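Have a look at the structure below before the remarks.
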Amino acid sequence: MKTEPAAGVRRRVVIYARISDDREGRRYGVKRQERDCRKLAEELGVDVVEVLVENDISAYSGKPRPKYDRMLRMLRNGEADGVLALTSRRLQRRYREAFDFLDLVEEKSLLVATVKGGTYDLTTADGRREARRKAVDDQHEAEEIAERVRDAKKDNLREGTYRGGPRPFGYQSDGVTPQSLVCPQCPATDGFIIGRQSDDATDDDAVTATCGACGSEAELEEGSEAWYLRNAIDTIIAGDSLRSICRDWAAKGVRTVPRRKRLEDGTRTEPVARDWQATELRRTLLRPRNAGLIDHGGEIVGKASWPPLTTEDKWRAAKSILEQPERRTTPGNARRWVGSGIYGCGALVTRYRAEGGQEFVHSGRYTDDDDGWPLYAAADAPQGEEWTPRDLEARFGKLKSAAVEPVPEGRRGCRDTLRCSTSGTGPGHAHVAAYRCRSAVHVTRTAELLDAYVEAVAVERLMRPDAVSLFVPSPRTGESTEQLAVRANTLRVKLDQYAADYDDDLITRKMMLDGTARTRGKLAEIEMEMTRRATVPVLARLPLGTPAIGEGWKTYTLERRRAILDALMTVTVLPSRRGRPKGFKPGTGQVYFDPTAVRIRWKQPA
């Protein structure tokens, strides 16, 4: 089957140009390919109907190639009679993909010509064998390149050298030299030498940057990326938040490393820097490279060949702070109230009214299974047939609660949790947040009063002397949990003392940060051990059995307080008595809350 153009007939061809890696988005490679292919088109006497360019897209990775797919559609639909490319490797790098393409060429009698390899000849068995052999060789070459790259990265991993990639914030494009350095002894701002020096104190090799002119050890330039990054780690240890650092950096013009954004057509935009976001800053601060460490698969595997921006102790202290679950501060669609979805409705419906007007009353009995559903009988025949609420709805239609009362201890009434809304109206027609049962208005409570009561009960329980032994029991051997708790609480007091001493100008900022980093590192180790022992892990990091629980409770995030309450207790809100309590005077700003209508059951530690 002939693939050469017939005499006197000008074929319509597509030029396909592709380059695998163009991080700078310059398109120089594909422009050269198009120029050479247009010259080949003139030599072959064919008309170019479209130029399809895929920039910075690999043919071996298996990722979608939209322009290649468009080329195949044009060939199948008769919109083009052939393809021109620089080499066969620009078209395919996988032999299965190439075999399918060659089948299409043979079926449609298409012209396929490359600048480097000439015109495909599929009219003979030898020509078809050569084309398929070339496809296999192209894939073999791609696999061989991939193996060399992997081997080189393994060598880099063993030696701790830079493995390439986009420029990391705080370092120059070589990934090794901090951005930026200055010499404290001479005016040099470049020409620094990066190398390892033996540290007799630690019996280890430290990577340092020294001035090429005078040999002095270089320092981070104030106001540089590396300087800001080092200070951010210090401020995290000192207690600042990621958002406050982002706001400070935005005010000072500290932005991310400019990156090119890939567009749908495979091209890239000009490099664009942007303001920092908390999540992006967190990822950057957690990089082991900041402490001169190299990681692989999430594990620290050794020392790197670049100078650290901070000490390993400080980095690990900041890491332990940033990885605490309670630091989640963006609720998104999460709960906004302490008890939403945690507090349960404690109403037992004593009378139901169906859509048809029939009424059913609670018989005082429950099903014998694990669910323990209350049973109901017709109001006019209380000793007759009995149904569960689900059976009633299936037979008589939607039910409405006509009367409720507190569910007896040990029994289950309404199965729904409470949700909080501000649809109610309080004094002065102001909206008041209130908890309500999800399925019906069985119970309603002012959210502020209910939360305050439940949280006060929880804090009082956690402050009791036996809280440590109950929730974090001691092992049979080794240091007791009570001793660990004493050490942890001593370190917490020490952290507060560092801040107080700094405020009173008794110590320098460096002394405060260094002492805080060491103390936080020791505290993190103790808290991890207590978490391992804890029957309720969320309680392990709390200063159990001390007044510090009450002092710090309101500083905990909403998610952390919710997790503590959910692990500690089951809260059931019962229907309250009708009417106002004795002595209550409306319009005086008084509020009333009945704690007896809140049933709290302590969960038993596992």
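In the structure tokens, the first chain shown is A, the next is B, and so on; residue numbers restart at 1 for each chain, and ligands run from 1 in the order shown.
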
Exercise. Among range 120-230 of chain A, which ones does DSSP place in helix (DSSP H, G or I), written as a PyMOL selection string?
Worked result: chain A and resi 125-159+225-230

Exercise. Can you list, as a list in words, every protein, DNA or RNA residue that comes within 8 Å of range 379-386 of chain A when you count only C-alpha atoms, leaving out same-chain residues fewer than 2 positions away?
Worked result: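 Residues meeting the cut-off are Glu359, Phe360, Val361, Ser363, Leu375, Tyr376, Ala377 and Thr388 of chain A.
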
For this session: List the neighbours of Ser241 in chain A out to 12 Å using only C-alpha atoms; skip same-chain residues closer than 4 positions along the sequence, and give me the result as a PyMOL selection string.
Result: chain A and resi 232-237+245-248+277-279+281-282+318+321-322+327-329

Exercise. Nearest to Arg419 in chain A among A:Leu565, A:Ala80, A:Ile342, A:Leu392, with distances taken over only C-alpha atoms: which residue is it?
Worked result: A:Ile342

Problem set entry | Length of the CA of Glu323 in chain A to CA of Ala524 in chain A vector [Å] |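 So the two atoms, CA of Glu323 in chain A and CA of Ala524 in chain A, lie 10.9 Å apart.
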
Exercise. Of the candidates A:Glu144, A:Asp275, A:Glu219, A:Glu34, which shows the shortest atom-to-atom distance to Ala17 in chain A, using only C-alpha atoms?
Worked result: A:Glu34

Problem set entry | Selection near range 88-91 of chain A, 10 Å with only C-alpha atoms, sequence-local residues under 6 positions removed, as a VMD selection string | chain A and resid 16 to 20 33 54 58 to 60 68 97 to 98 101 112 to 118 120 131 134 to 135 137 to 139 141 to 142

Problem set entry | Which residue of A:Ala238, A:Leu470, A:Met74, A:Leu104 approaches Ala499 in chain A most closely, using only C-alpha atoms | A:Ala238

Problem set entry | Separation of CA of Arg289 in chain A from CA of Ala317 in chain A, in Å and rounded to one decimal |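 Distance between the two atoms: 14.9 Å.
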
Exercise. Can you tell me how far CA of Leu220 in chain A sits from CA of Asp174 in chain A, in Å to one decimal?
Worked result: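 Atom-to-atom, CA of Leu220 in chain A and CA of Asp174 in chain A are spaced 16.8 Å apart.
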
Exercise. Residues at most 12 Å from Arg487 in chain A, counting only C-alpha atoms, excluding those fewer than 6 positions away in the same chain, as a ChimeraX atom specification?
Worked result: /A:479-481,493-494,519,522-527,530,543

For this session: Within 10 Å of Glu448 in chain A, counting only C-alpha atoms, which residues show up once you throw out same-chain ones fewer than 2 positions away? Write them as a ChimeraX atom specification, please.
Result: /A:337-338,432-435,445-446,450-453

Exercise. Looking at only C-alpha atoms, which of A:Tyr228, A:Asp295, A:Pro308, A:Gly253 is the one that sits closest to Gly195 in chain A?
Worked result: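 Under the stated criterion, the closest residue is A:Pro308.
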